[in-house]
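For reference, my_file-v8.cif is printed below; it contains mmCIF, C-alpha atoms and all ligand atoms.
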```cif
data_model
#
loop_
_atom_site.label_atom_id
_atom_site.label_comp_id
_atom_site.auth_asym_id
_atom_site.auth_seq_id
_atom_site.Cartn_x
_atom_site.Cartn_y
_atom_site.Cartn_z
CA MET E 858 0.00 0.00 0.00
CA ALA E 859 1.59 3.28 -1.09
CA LEU E 860 0.16 6.36 0.58
CA THR E 861 0.85 9.98 -0.23
CA VAL E 862 2.58 12.00 2.46
CA THR E 863 0.32 14.55 4.13
CA PRO E 864 1.26 17.93 2.62
CA SER E 865 3.19 20.37 4.75
CA GLN E 866 1.57 23.64 5.85
CA THR E 867 3.16 26.64 7.50
CA ILE E 868 3.74 26.64 11.25
CA GLY E 869 2.12 30.11 11.22
CA PRO E 870 2.95 32.91 13.64
CA PHE E 871 1.29 31.66 16.83
CA PHE E 872 3.11 28.48 17.83
CA ALA E 873 5.41 29.70 20.58
CA HIS E 874 3.06 29.03 23.50
CA ALA E 875 2.04 25.71 22.00
CA LEU E 876 5.28 23.87 21.42
CA PRO E 877 6.82 23.83 24.87
CA TYR E 878 9.83 21.72 25.37
CA ALA E 879 11.36 21.39 28.80
CA GLU E 880 14.97 21.64 27.76
CA GLY E 881 14.21 23.75 24.71
CA PRO E 882 17.46 25.12 23.37
CA TYR E 883 19.50 23.25 25.98
CA ALA E 884 19.90 20.06 24.00
CA VAL E 885 22.57 18.81 26.40
CA PRO E 886 22.96 19.59 30.12
CA ALA E 887 25.40 22.24 31.34
CA GLY E 888 28.80 20.64 31.80
CA HIS E 889 28.19 18.03 29.09
CA PRO E 890 31.66 17.07 27.82
CA GLY E 891 32.49 19.12 24.75
CA ALA E 892 29.20 21.01 24.77
CA ILE E 893 29.13 24.00 22.47
CA GLU E 894 27.01 27.13 22.33
CA LEU E 895 25.54 27.82 18.93
CA ARG E 896 23.81 31.10 18.26
CA GLY E 897 22.73 33.21 15.36
CA THR E 898 20.04 35.28 13.70
CA VAL E 899 17.49 34.38 11.06
CA TYR E 900 17.01 36.93 8.23
CA ASP E 901 14.51 37.24 5.42
CA GLY E 902 15.17 38.29 1.83
CA ALA E 903 15.07 41.97 2.75
CA GLY E 904 17.67 41.45 5.48
CA ALA E 905 15.05 41.87 8.22
CA PRO E 906 15.28 39.59 11.25
CA VAL E 907 12.65 36.83 11.42
CA PRO E 908 11.05 36.90 14.87
CA ASP E 909 8.68 33.99 14.31
CA ALA E 910 10.85 31.06 13.26
CA LEU E 911 11.28 27.76 15.07
CA LEU E 912 14.61 25.97 14.78
CA GLU E 913 15.27 22.33 15.60
CA ILE E 914 18.54 20.43 15.77
CA CYS E 915 19.15 16.74 16.09
CA LEU E 916 22.20 14.59 16.83
CA PRO E 917 22.38 11.03 18.15
CA GLY E 918 20.72 11.23 21.58
CA VAL E 919 20.26 14.98 21.29
CA PHE E 920 17.29 17.10 20.24
CA GLY E 921 16.90 20.85 20.63
CA ARG E 922 14.20 23.35 19.76
CA CYS E 923 14.39 27.12 19.90
CA ALA E 924 11.99 29.83 18.73
CA THR E 925 13.60 33.05 17.52
CA ASP E 926 13.23 36.12 19.71
CA ALA E 927 11.98 39.56 18.66
CA ALA E 928 15.38 40.28 17.08
CA GLY E 929 15.42 37.02 15.11
CA GLY E 930 17.99 35.46 17.45
CA TYR E 931 18.24 31.86 18.53
CA HIS E 932 20.69 29.85 20.63
CA PHE E 933 21.44 26.22 21.44
CA ARG E 934 23.67 24.40 23.83
CA THR E 935 24.45 21.16 22.05
CA ALA E 936 26.97 18.37 21.75
CA ARG E 937 29.92 18.85 19.43
CA PRO E 938 29.03 17.00 16.22
CA ASP E 939 31.29 14.42 14.57
CA SER E 940 30.65 16.07 11.23
CA TYR E 941 27.73 18.54 11.24
CA ILE E 942 24.51 19.49 13.04
CA PRO E 943 21.32 19.12 10.97
CA LEU E 944 19.22 22.26 11.36
CA LEU E 945 15.54 22.45 10.47
CA VAL E 946 13.79 25.82 10.22
CA PHE E 947 10.04 26.42 10.35
CA ALA E 948 8.45 29.86 10.08
CA ARG E 949 5.42 31.82 9.06
CA GLY E 950 5.83 32.24 5.31
CA LEU E 951 7.53 28.85 4.95
CA LEU E 952 4.94 26.44 3.57
CA LYS E 953 7.43 23.66 4.26
CA PRO E 954 10.54 23.71 6.42
CA LEU E 955 14.07 24.49 5.33
CA TRP E 956 16.87 22.00 5.99
CA THR E 957 20.45 23.02 6.35
CA ARG E 958 23.60 21.85 8.12
CA VAL E 959 25.89 23.56 10.57
CA TYR E 960 29.54 22.63 10.07
CA LEU E 961 32.10 23.82 12.60
CA ASP E 962 34.93 23.88 10.07
CA ASP E 963 35.29 23.60 6.31
CA THR E 964 37.02 20.22 6.05
CA ASP E 965 34.01 17.93 5.42
CA PRO E 966 33.99 16.40 1.90
CA PHE E 967 30.36 17.43 1.35
CA LEU E 968 31.41 21.06 1.49
CA ALA E 969 33.71 20.52 -1.47
CA THR E 970 30.60 19.74 -3.54
CA VAL E 971 29.05 23.11 -2.70
CA ARG E 972 29.69 26.12 -4.94
CA GLU E 973 32.65 27.92 -3.43
CA ASP E 974 30.98 31.31 -3.04
CA ARG E 975 28.12 29.72 -1.07
CA ARG E 976 30.08 27.15 0.94
CA GLY E 977 30.72 29.51 3.82
CA THR E 978 27.01 29.77 4.60
CA LEU E 979 27.21 26.23 6.00
CA VAL E 980 30.18 26.88 8.27
CA ALA E 981 29.63 28.38 11.71
CA ALA E 982 32.04 31.12 12.76
CA ALA E 983 34.06 30.40 15.91
CA GLN E 984 33.75 33.32 18.34
CA ASP E 985 36.28 34.59 20.86
CA ASP E 986 34.17 33.30 23.75
CA GLY E 987 34.29 29.75 22.34
CA SER E 988 30.74 29.81 20.99
CA TYR E 989 29.81 29.44 17.32
CA ARG E 990 27.76 31.83 15.24
CA PHE E 991 25.52 30.54 12.45
CA ASP E 992 23.12 32.95 10.77
CA VAL E 993 20.35 31.76 8.49
CA ARG E 994 19.45 33.86 5.43
CA PHE E 995 16.30 32.72 3.67
CA GLN E 996 16.90 34.52 0.39
CA GLY E 997 19.11 36.81 -1.61
CA GLU E 998 22.63 37.98 -0.80
CA GLY E 999 24.41 35.44 1.37
CA GLU E 1000 21.48 33.03 1.08
CA THR E 1001 22.10 29.96 3.19
CA VAL E 1002 22.55 26.71 1.28
CA PHE E 1003 19.36 24.74 1.91
CA LEU E 1004 19.09 21.03 1.31
CA ALA E 1005 16.65 18.56 -0.16
CA VAL E 1006 16.92 15.67 2.27
CA MET G 72 -2.39 7.25 -7.26
CA PRO G 73 0.10 8.57 -4.70
CA VAL G 74 1.72 11.87 -5.52
CA ASP G 75 5.50 11.89 -5.24
CA ASP G 76 5.82 15.32 -3.74
CA PRO G 77 2.51 16.78 -2.58
CA HIS G 78 4.13 19.59 -0.62
CA PRO G 79 3.50 23.21 -1.53
CA PRO G 80 6.26 25.23 -3.19
CA TYR G 81 8.32 27.63 -1.07
CA LEU G 82 7.30 30.55 -3.25
CA HIS G 83 3.54 30.99 -3.46
CA PRO G 84 2.97 34.72 -4.01
CA ALA G 85 -0.74 34.52 -3.13
CA TYR G 86 0.56 33.87 0.40
CA GLY G 87 2.42 37.14 0.75
CA SER G 88 4.83 36.07 3.49
CA THR G 89 6.48 33.57 1.15
CA VAL G 90 7.79 36.34 -1.11
CA LEU G 91 10.69 37.35 1.15
CA ARG G 92 11.10 33.99 2.85
CA ALA G 93 11.28 31.49 -0.01
CA PRO G 94 14.86 30.61 -0.97
CA SER G 95 15.77 31.78 -4.48
CA GLU G 96 18.54 29.23 -5.04
CA PRO G 97 17.72 25.59 -5.83
CA LEU G 98 18.09 23.16 -2.95
CA LEU G 99 21.16 20.97 -2.85
CA ALA G 100 20.57 17.24 -2.49
CA PRO G 101 23.29 15.59 -0.41
CA LYS G 102 23.56 11.84 -0.69
CA LEU G 103 22.32 10.48 2.63
CA ASP G 104 24.11 7.30 3.61
CA PRO G 105 22.53 5.16 6.33
CA GLU G 106 24.77 6.86 8.90
CA ALA G 107 23.62 10.36 7.93
CA VAL G 108 22.85 12.43 11.01
CA GLU G 109 19.53 13.49 9.47
CA LEU G 110 18.35 9.90 9.92
CA VAL G 111 18.83 9.70 13.69
CA ASP G 112 15.85 9.32 15.97
CA PRO G 113 14.95 12.67 17.53
CA VAL G 114 14.90 11.99 21.23
CA TYR G 115 12.25 14.55 22.05
CA GLY G 116 10.98 12.35 24.83
CA HIS G 117 12.83 13.94 27.75
CA GLN G 118 9.59 15.54 28.73
CA PRO G 119 6.95 12.97 29.59
CA VAL G 120 3.53 13.46 28.04
CA ALA G 121 1.05 13.82 30.87
CA GLU G 122 -2.23 11.93 31.06
CA LEU G 123 -4.37 14.97 30.27
CA ASP G 124 -2.14 16.68 27.74
CA HIS G 125 -4.39 15.41 24.92
CA ASP G 126 -7.49 17.09 26.41
CA LEU G 127 -7.54 20.80 25.63
CA THR G 128 -10.87 21.20 27.44
CA ARG G 129 -9.43 20.29 30.85
CA GLN G 130 -6.47 22.57 31.28
CA HIS G 131 -8.23 25.22 33.38
CA ALA G 132 -10.69 25.55 36.23
CA GLY G 133 -13.67 25.72 33.89
CA GLU G 134 -14.54 24.37 30.48
CA PRO G 135 -13.85 26.38 27.33
CA LEU G 136 -16.71 27.76 25.27
CA GLY G 137 -17.39 26.20 21.91
CA GLU G 138 -18.43 23.02 20.23
CA ARG G 139 -16.69 20.11 21.95
CA ILE G 140 -15.00 17.77 19.46
CA ILE G 141 -12.84 14.66 19.36
CA VAL G 142 -10.11 14.59 16.72
CA THR G 143 -8.47 11.25 16.22
CA GLY G 144 -6.66 9.30 13.54
CA ARG G 145 -3.55 7.31 12.80
CA VAL G 146 -0.04 8.36 12.01
CA LEU G 147 1.12 6.11 9.15
CA ASP G 148 4.16 6.02 6.94
CA THR G 149 3.90 5.91 3.17
CA GLY G 150 4.05 2.12 3.35
CA GLY G 151 0.84 2.18 5.41
CA ARG G 152 2.62 1.08 8.56
CA PRO G 153 1.52 2.66 11.87
CA VAL G 154 4.06 4.96 13.50
CA ARG G 155 4.00 3.95 17.15
CA GLY G 156 4.94 6.12 20.09
CA ALA G 157 5.11 9.20 17.87
CA LEU G 158 4.84 12.59 19.53
CA VAL G 159 1.91 14.55 18.09
CA GLU G 160 1.54 18.20 19.10
CA ALA G 161 -1.53 20.28 18.24
CA TRP G 162 -2.41 23.94 18.67
CA GLN G 163 -5.32 26.09 17.61
CA ALA G 164 -7.40 29.23 18.05
CA ASN G 165 -10.33 29.28 20.45
CA ALA G 166 -13.97 29.05 19.36
CA ALA G 167 -13.96 32.78 18.56
CA GLY G 168 -10.91 32.49 16.30
CA ARG G 169 -8.39 33.98 18.74
CA TYR G 170 -5.07 32.44 19.76
CA ALA G 171 -3.89 32.64 23.35
CA HIS G 172 -0.72 34.29 22.02
CA ASP G 173 0.53 37.76 22.94
CA LEU G 174 0.85 38.85 19.34
CA ASP G 175 -2.60 37.80 18.13
CA GLN G 176 -4.39 41.11 17.63
CA HIS G 177 -7.70 39.77 16.30
CA PRO G 178 -10.39 41.64 18.28
CA ALA G 179 -12.23 38.48 19.30
CA PRO G 180 -12.53 37.43 22.92
CA LEU G 181 -9.93 35.32 24.67
CA ASP G 182 -11.31 32.38 26.61
CA PRO G 183 -9.81 32.13 30.11
CA ASN G 184 -10.50 28.41 30.01
CA PHE G 185 -8.68 27.70 26.76
CA SER G 186 -4.97 27.76 25.97
CA GLY G 187 -5.32 25.81 22.75
CA ALA G 188 -2.31 23.50 22.89
CA GLY G 189 -2.05 19.76 23.50
CA ARG G 190 0.15 16.77 22.86
CA CYS G 191 -0.04 13.01 22.90
CA LEU G 192 1.82 9.88 21.87
CA THR G 193 0.45 7.46 19.29
CA ASP G 194 -0.52 4.00 20.51
CA ASP G 195 0.41 0.63 19.02
CA ASP G 196 -1.92 1.24 16.05
CA GLY G 197 -0.33 4.64 15.47
CA ARG G 198 -3.47 6.29 16.80
CA TYR G 199 -3.60 9.73 18.41
CA ARG G 200 -6.64 11.34 20.00
CA PHE G 201 -7.38 14.88 21.11
CA VAL G 202 -10.42 16.31 22.88
CA THR G 203 -10.86 20.00 22.15
CA ILE G 204 -13.35 22.57 20.88
CA LYS G 205 -13.85 23.51 17.26
CA PRO G 206 -11.62 26.50 16.47
CA GLY G 207 -13.14 29.58 14.86
CA ALA G 208 -12.12 31.03 11.51
CA TYR G 209 -10.00 34.16 11.88
CA PRO G 210 -9.04 37.15 9.75
CA TRP G 211 -5.47 37.89 8.70
CA ARG G 212 -3.83 40.64 6.71
CA ASN G 213 -2.64 38.69 3.69
CA HIS G 214 -5.09 40.39 1.32
CA PRO G 215 -8.31 42.40 1.73
CA ASN G 216 -10.97 40.44 3.62
CA ALA G 217 -8.67 37.47 4.16
CA TRP G 218 -9.91 34.74 6.53
CA ARG G 219 -8.29 31.46 7.46
CA PRO G 220 -10.67 28.49 7.42
CA ALA G 221 -10.98 26.84 10.82
CA HIS G 222 -7.91 24.65 11.33
CA ILE G 223 -5.80 22.86 13.90
CA HIS G 224 -2.00 22.98 13.58
CA PHE G 225 -0.30 19.60 13.91
CA SER G 226 3.35 18.70 14.50
CA VAL G 227 4.50 15.09 14.17
CA PHE G 228 7.76 13.27 14.84
CA GLY G 229 8.60 9.94 13.29
CA THR G 230 11.57 7.79 14.19
CA GLN G 231 13.95 9.68 11.90
CA PHE G 232 14.48 13.43 11.88
CA THR G 233 13.77 13.47 8.10
CA GLN G 234 10.19 12.36 8.81
CA ARG G 235 9.43 15.58 10.66
CA LEU G 236 6.13 17.15 9.56
CA ILE G 237 4.20 20.26 10.53
CA THR G 238 0.85 20.80 8.87
CA GLN G 239 -2.75 21.93 9.41
CA MET G 240 -6.00 20.00 9.61
CA TYR G 241 -9.19 21.53 8.23
CA PHE G 242 -12.88 20.78 8.79
CA PRO G 243 -15.11 19.35 6.05
CA GLY G 244 -17.25 21.65 3.95
CA ASP G 245 -15.67 24.94 5.02
CA PRO G 246 -16.75 27.66 2.55
CA LEU G 247 -13.41 29.46 3.05
CA PHE G 248 -11.31 26.77 1.34
CA PRO G 249 -11.23 28.36 -2.14
CA PHE G 250 -10.19 31.72 -0.67
CA ASP G 251 -7.32 30.43 1.48
CA PRO G 252 -3.91 30.73 -0.21
CA ILE G 253 -2.27 28.55 2.44
CA MET G 254 -4.52 25.58 1.79
CA GLN G 255 -4.55 26.27 -1.95
CA SER G 256 -0.73 26.27 -2.00
CA VAL G 257 -1.08 22.48 -2.18
CA ARG G 258 -1.65 22.09 -5.90
CA ASP G 259 -2.78 18.50 -6.19
CA PRO G 260 -6.52 18.32 -5.36
CA GLU G 261 -6.26 14.88 -3.78
CA ALA G 262 -3.33 15.90 -1.62
CA ARG G 263 -5.25 19.02 -0.61
CA ALA G 264 -8.27 16.89 0.30
CA ALA G 265 -6.00 14.87 2.58
CA LEU G 266 -5.73 17.96 4.82
CA VAL G 267 -9.47 17.82 5.54
CA ALA G 268 -10.77 15.69 8.41
CA ARG G 269 -13.80 13.47 7.97
CA PHE G 270 -16.82 13.83 10.22
CA ASP G 271 -17.47 10.44 11.74
CA ILE G 272 -20.70 9.53 13.48
CA ASP G 273 -19.06 6.51 15.09
CA THR G 274 -16.39 8.68 16.69
CA THR G 275 -19.10 11.07 17.84
CA VAL G 276 -20.04 10.48 21.48
CA PRO G 277 -23.78 10.84 22.18
CA GLU G 278 -24.75 13.85 24.30
CA TRP G 279 -21.11 14.91 24.48
CA ALA G 280 -18.90 15.62 21.44
CA LEU G 281 -18.74 15.48 17.62
CA GLY G 282 -16.06 13.18 16.24
CA TYR G 283 -13.59 13.72 13.41
CA GLN G 284 -11.13 11.27 11.88
CA TRP G 285 -7.91 12.45 10.28
CA ASP G 286 -4.95 10.26 9.38
CA ILE G 287 -1.48 11.74 8.98
CA VAL G 288 1.01 10.17 6.58
CA ILE G 289 4.72 10.80 7.03
CA ARG G 290 7.66 9.66 4.93
CA GLY G 291 8.79 6.10 5.23
CA GLU G 292 12.03 5.36 7.05
CA ALA G 293 15.06 5.64 4.82
FE FE O 1 -3.51 29.12 12.62
#
```

Could you render the structure from this file as structure tokens?
Ligand SMILES: [Fe+2]
Amino acid sequence: MALTVTPSQTIGPFFAHALPYAEGPYAVPAGHPGAIELRGTVYDGAGAPVPDALLEICLPGVFGRCATDAAGGYHFRTARPDSYIPLLVFARGLLKPLWTRVYLDDTDPFLATVREDRRGTLVAAAQDDGSYRFDVRFQGEGETVFLAV
Amino acid sequence: MPVDDPHPPYLHPAYGSTVLRAPSEPLLAPKLDPEAVELVDPVYGHQPVAELDHDLTRQHAGEPLGERIIVTGRVLDTGGRPVRGALVEAWQANAAGRYAHDLDQHPAPLDPNFSGAGRCLTDDDGRYRFVTIKPGAYPWRNHPNAWRPAHIHFSVFGTQFTQRLITQMYFPGDPLFPFDPIMQSVRDPEARAALVARFDIDTTVPEWALGYQWDIVIRGEA
């Protein structure tokens, strides 16, 4: 029996109160060996921050969820990935979610398959405080590489 | 005949918010080997689902206003297999069409007895069940005189992150369907019809609540 997948519909603007998650952005406990802080801002095609996006990350044994704040910002505390952190973005105006990957450096072979001028959008920037910065740009200049998975 | 990709496009100008949010570059398709991190099981289950989380009418001191309903169905994969122990989250407006959300400016009354959010886990048949009230239609600013048909938002997890689905369930016979660019963004009529629940007299409980059946189909495991 082959069934058709139920079509995706937008998460809409009013999900924040409805998708509680105890640990939320804290995908691993404080003091988890090798835990990293990942933060960034989500921007639309006009460069405006997106204050109503929901981001999810997943690694073996790890799941995190964070809604963007009024300035489009998000943050996670997560385990250090072996290769990359899958990142899934839902938002008002996205009829289906966007998939991308957060790499912590540019050595992974997959990155070599990405057009050079866009490759950097998949690599988080190490910050002086040890955290990583990964912005998401939906459209236009500096548009994040999104994936069909 | 199953449709390969029933999902709406990113860019659907009739839904104005897509215009600045749809990516303009084509998506890249990485080859996912069986070890790909996208295929791991999202361990969302740190937070236990409480006994009454599926009942949106019993979260406050009193009962919410509106037409009490039962919404139930199965979460299946494209092979027709039940997805067991899946987390299903649901959220909706109240009977007057207002969300209990700070930013909802629709001048309809809030209901002190309704928050409009619930969750449950599917059973061994893949079945979920919510008790709630029928949400109202509500206006939005997408175009002049724009109204969303009554709907319940659903979020579903499978056993692989790639099976993740967020969608909306509609009620049969709603006259707003042809005017709603979000629903109409699904181009295939059969796929669109799959977003509409079925009224079911056998799910309906006498003297108590109307019953609706709505199955959710997620991708098969890779
Ligand atoms: Fe809604």

Which residue out of G:Leu192, G:Ala100, G:Leu158, G:Met240 has the minimum interatomic distance to ligand FE 1 (chain O) when only C-alpha atoms and all ligand atoms are used? G:Met240

Which of G:Arg155, G:His125, G:Arg145, G:His224 sits closest to chain E [using all atoms listed in the file]: G:His224

Any residue with an atom at most 12 Å from ligand FE 1 (chain O) counts, using all atoms listed in the file. Which are they? Put them as a VMD selection string. (chain E and resid 866 to 873 875 949) or (chain G and resid 161 to 165 168 to 172 175 187 to 188 206 to 211 218 to 225 237 to 241 251 253 to 254)

So which one's closest to Ser226 in chain G, E:Gly888, E:Pro954, E:Gly997, E:Gly902? Using only C-alpha atoms, please.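 Of E:Gly888, E:Pro954, E:Gly997, E:Gly902, the one nearest Ser226 in chain G, counting only C-alpha atoms, is E:Pro954.
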
Given only C-alpha atoms, how would the per-residue table for chain G near chain E read, listing every residue at most 6 Å away with its closest atom pair and distance in Å to one decimal, sorted by chain and number, as a tab-separated table?
```
residue	atom	partner	partner_atom	distance
G:Pro73	CA	E:Thr861	CA	4.7
G:Val74	CA	E:Thr861	CA	5.7
G:Pro77	CA	E:Pro864	CA	5.5
G:His78	CA	E:Pro864	CA	4.6
G:Tyr81	CA	E:Leu952	CA	5.9
G:Ser88	CA	E:Gly950	CA	4.4
G:Thr89	CA	E:Gly950	CA	4.4
G:Leu91	CA	E:Gly902	CA	4.6
G:Arg92	CA	E:Asp901	CA	5.4
G:Pro94	CA	E:Gln996	CA	4.6
G:Ser95	CA	E:Gln996	CA	5.7
G:Leu98	CA	E:Leu1004	CA	4.9
G:Leu99	CA	E:Leu1004	CA	4.6
G:Ala100	CA	E:Ala1005	CA	4.7
G:Val111	CA	E:Pro917	CA	5.9
G:Pro113	CA	E:Phe920	CA	5.7
G:Val114	CA	E:Phe920	CA	5.7
G:Tyr115	CA	E:Phe920	CA	5.9
G:Thr149	CA	E:Leu860	CA	4.6
G:Gly150	CA	E:Ala859	CA	5.2
G:Gly151	CA	E:Met858	CA	5.9
G:Trp162	CA	E:Ala875	CA	5.8
G:Ala188	CA	E:Ala875	CA	5.0
G:Ile237	CA	E:Ser865	CA	5.9
G:Thr238	CA	E:Gln866	CA	4.2
G:Gln239	CA	E:Gln866	CA	5.9
G:Ile287	CA	E:Thr863	CA	5.9
G:Val288	CA	E:Val862	CA	4.8
G:Ile289	CA	E:Val862	CA	5.2
```

What does the distance between CA of Asp194 in chain G and CA of Val142 in chain G come to in Å, to one decimal place? 14.8 Å

Return the single residue from G:Gly189, G:Gly156, G:Pro252, G:Gly87 that is closest to Arg129 in chain G, with distances computed using only C-alpha atoms. G:Gly189

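The interatomic distance for the pair CA of Leu123 in chain G and CA of Leu136 in chain G works out to 18.5 Å.
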
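Interatomic distance, CA of Ala928 in chain E to CA of Ala910 in chain E: 11.0 Å.
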
Starting from the sparse input, extend range 228-248 of chain G to N, CA, C and O atoms and give the output as a PDB file, in the frame of the given file.
```pdb
ATOM      1  N   PHE G 228       6.419  13.841  14.922  1.00  0.00           N
ATOM      2  CA  PHE G 228       7.760  13.270  14.840  1.00  0.00           C
ATOM      3  C   PHE G 228       7.652  11.801  14.451  1.00  0.00           C
ATOM      4  O   PHE G 228       6.818  11.081  15.001  1.00  0.00           O
ATOM      5  N   GLY G 229       8.475  11.361  13.542  1.00  0.00           N
ATOM      6  CA  GLY G 229       8.600   9.940  13.290  1.00  0.00           C
ATOM      7  C   GLY G 229       9.783   9.395  14.058  1.00  0.00           C
ATOM      8  O   GLY G 229      10.137   9.903  15.124  1.00  0.00           O
ATOM      9  N   THR G 230      10.411   8.371  13.515  1.00  0.00           N
ATOM     10  CA  THR G 230      11.570   7.790  14.190  1.00  0.00           C
ATOM     11  C   THR G 230      12.867   8.236  13.535  1.00  0.00           C
ATOM     12  O   THR G 230      13.946   7.793  13.909  1.00  0.00           O
ATOM     13  N   GLN G 231      12.765   9.061  12.502  1.00  0.00           N
ATOM     14  CA  GLN G 231      13.950   9.680  11.900  1.00  0.00           C
ATOM     15  C   GLN G 231      13.651  11.167  11.741  1.00  0.00           C
ATOM     16  O   GLN G 231      12.520  11.551  11.429  1.00  0.00           O
ATOM     17  N   PHE G 232      14.680  11.971  11.927  1.00  0.00           N
ATOM     18  CA  PHE G 232      14.480  13.430  11.880  1.00  0.00           C
ATOM     19  C   PHE G 232      13.874  13.845  10.521  1.00  0.00           C
ATOM     20  O   PHE G 232      13.059  14.766  10.435  1.00  0.00           O
ATOM     21  N   THR G 233      14.262  13.120   9.441  1.00  0.00           N
ATOM     22  CA  THR G 233      13.770  13.470   8.100  1.00  0.00           C
ATOM     23  C   THR G 233      12.254  13.273   7.950  1.00  0.00           C
ATOM     24  O   THR G 233      11.676  13.736   6.974  1.00  0.00           O
ATOM     25  N   GLN G 234      11.630  12.580   8.893  1.00  0.00           N
ATOM     26  CA  GLN G 234      10.190  12.360   8.810  1.00  0.00           C
ATOM     27  C   GLN G 234       9.379  13.497   9.431  1.00  0.00           C
ATOM     28  O   GLN G 234       8.148  13.480   9.417  1.00  0.00           O
ATOM     29  N   ARG G 235      10.060  14.460   9.958  1.00  0.00           N
ATOM     30  CA  ARG G 235       9.430  15.580  10.660  1.00  0.00           C
ATOM     31  C   ARG G 235       8.391  16.254   9.762  1.00  0.00           C
ATOM     32  O   ARG G 235       8.654  16.564   8.592  1.00  0.00           O
ATOM     33  N   LEU G 236       7.204  16.516  10.334  1.00  0.00           N
ATOM     34  CA  LEU G 236       6.130  17.150   9.560  1.00  0.00           C
ATOM     35  C   LEU G 236       5.361  18.130  10.442  1.00  0.00           C
ATOM     36  O   LEU G 236       5.006  17.807  11.580  1.00  0.00           O
ATOM     37  N   ILE G 237       5.137  19.327   9.904  1.00  0.00           N
ATOM     38  CA  ILE G 237       4.200  20.260  10.530  1.00  0.00           C
ATOM     39  C   ILE G 237       3.168  20.629   9.477  1.00  0.00           C
ATOM     40  O   ILE G 237       3.514  20.931   8.331  1.00  0.00           O
ATOM     41  N   THR G 238       1.890  20.538   9.840  1.00  0.00           N
ATOM     42  CA  THR G 238       0.850  20.800   8.870  1.00  0.00           C
ATOM     43  C   THR G 238      -0.402  21.351   9.563  1.00  0.00           C
ATOM     44  O   THR G 238      -0.333  21.745  10.729  1.00  0.00           O
ATOM     45  N   GLN G 239      -1.494  21.422   8.846  1.00  0.00           N
ATOM     46  CA  GLN G 239      -2.750  21.930   9.410  1.00  0.00           C
ATOM     47  C   GLN G 239      -3.882  21.009   8.968  1.00  0.00           C
ATOM     48  O   GLN G 239      -3.892  20.542   7.835  1.00  0.00           O
ATOM     49  N   MET G 240      -4.812  20.795   9.890  1.00  0.00           N
ATOM     50  CA  MET G 240      -6.000  20.000   9.610  1.00  0.00           C
ATOM     51  C   MET G 240      -7.197  20.927   9.483  1.00  0.00           C
ATOM     52  O   MET G 240      -7.375  21.822  10.313  1.00  0.00           O
ATOM     53  N   TYR G 241      -8.002  20.702   8.449  1.00  0.00           N
ATOM     54  CA  TYR G 241      -9.190  21.530   8.230  1.00  0.00           C
ATOM     55  C   TYR G 241     -10.456  20.725   8.465  1.00  0.00           C
ATOM     56  O   TYR G 241     -10.416  19.497   8.560  1.00  0.00           O
ATOM     57  N   PHE G 242     -11.593  21.430   8.520  1.00  0.00           N
ATOM     58  CA  PHE G 242     -12.880  20.780   8.790  1.00  0.00           C
ATOM     59  C   PHE G 242     -13.696  20.686   7.500  1.00  0.00           C
ATOM     60  O   PHE G 242     -13.671  21.612   6.675  1.00  0.00           O
ATOM     61  N   PRO G 243     -14.422  19.574   7.314  1.00  0.00           N
ATOM     62  CA  PRO G 243     -15.110  19.350   6.050  1.00  0.00           C
ATOM     63  C   PRO G 243     -16.128  20.434   5.722  1.00  0.00           C
ATOM     64  O   PRO G 243     -16.814  20.945   6.604  1.00  0.00           O
ATOM     65  N   GLY G 244     -16.195  20.772   4.438  1.00  0.00           N
ATOM     66  CA  GLY G 244     -17.250  21.650   3.950  1.00  0.00           C
ATOM     67  C   GLY G 244     -17.064  23.121   4.268  1.00  0.00           C
ATOM     68  O   GLY G 244     -18.006  23.905   4.128  1.00  0.00           O
ATOM     69  N   ASP G 245     -15.876  23.526   4.655  1.00  0.00           N
ATOM     70  CA  ASP G 245     -15.670  24.940   5.020  1.00  0.00           C
ATOM     71  C   ASP G 245     -15.738  25.820   3.767  1.00  0.00           C
ATOM     72  O   ASP G 245     -14.986  25.600   2.810  1.00  0.00           O
ATOM     73  N   PRO G 246     -16.621  26.824   3.755  1.00  0.00           N
ATOM     74  CA  PRO G 246     -16.750  27.660   2.550  1.00  0.00           C
ATOM     75  C   PRO G 246     -15.533  28.548   2.290  1.00  0.00           C
ATOM     76  O   PRO G 246     -15.432  29.155   1.218  1.00  0.00           O
ATOM     77  N   LEU G 247     -14.596  28.609   3.241  1.00  0.00           N
ATOM     78  CA  LEU G 247     -13.410  29.460   3.050  1.00  0.00           C
ATOM     79  C   LEU G 247     -12.295  28.777   2.257  1.00  0.00           C
ATOM     80  O   LEU G 247     -11.330  29.437   1.859  1.00  0.00           O
ATOM     81  N   PHE G 248     -12.411  27.487   2.014  1.00  0.00           N
ATOM     82  CA  PHE G 248     -11.310  26.770   1.340  1.00  0.00           C
ATOM     83  C   PHE G 248     -10.825  27.470   0.059  1.00  0.00           C
ATOM     84  O   PHE G 248      -9.627  27.686  -0.110  1.00  0.00           O
TER      85      PHE G 248
END
```
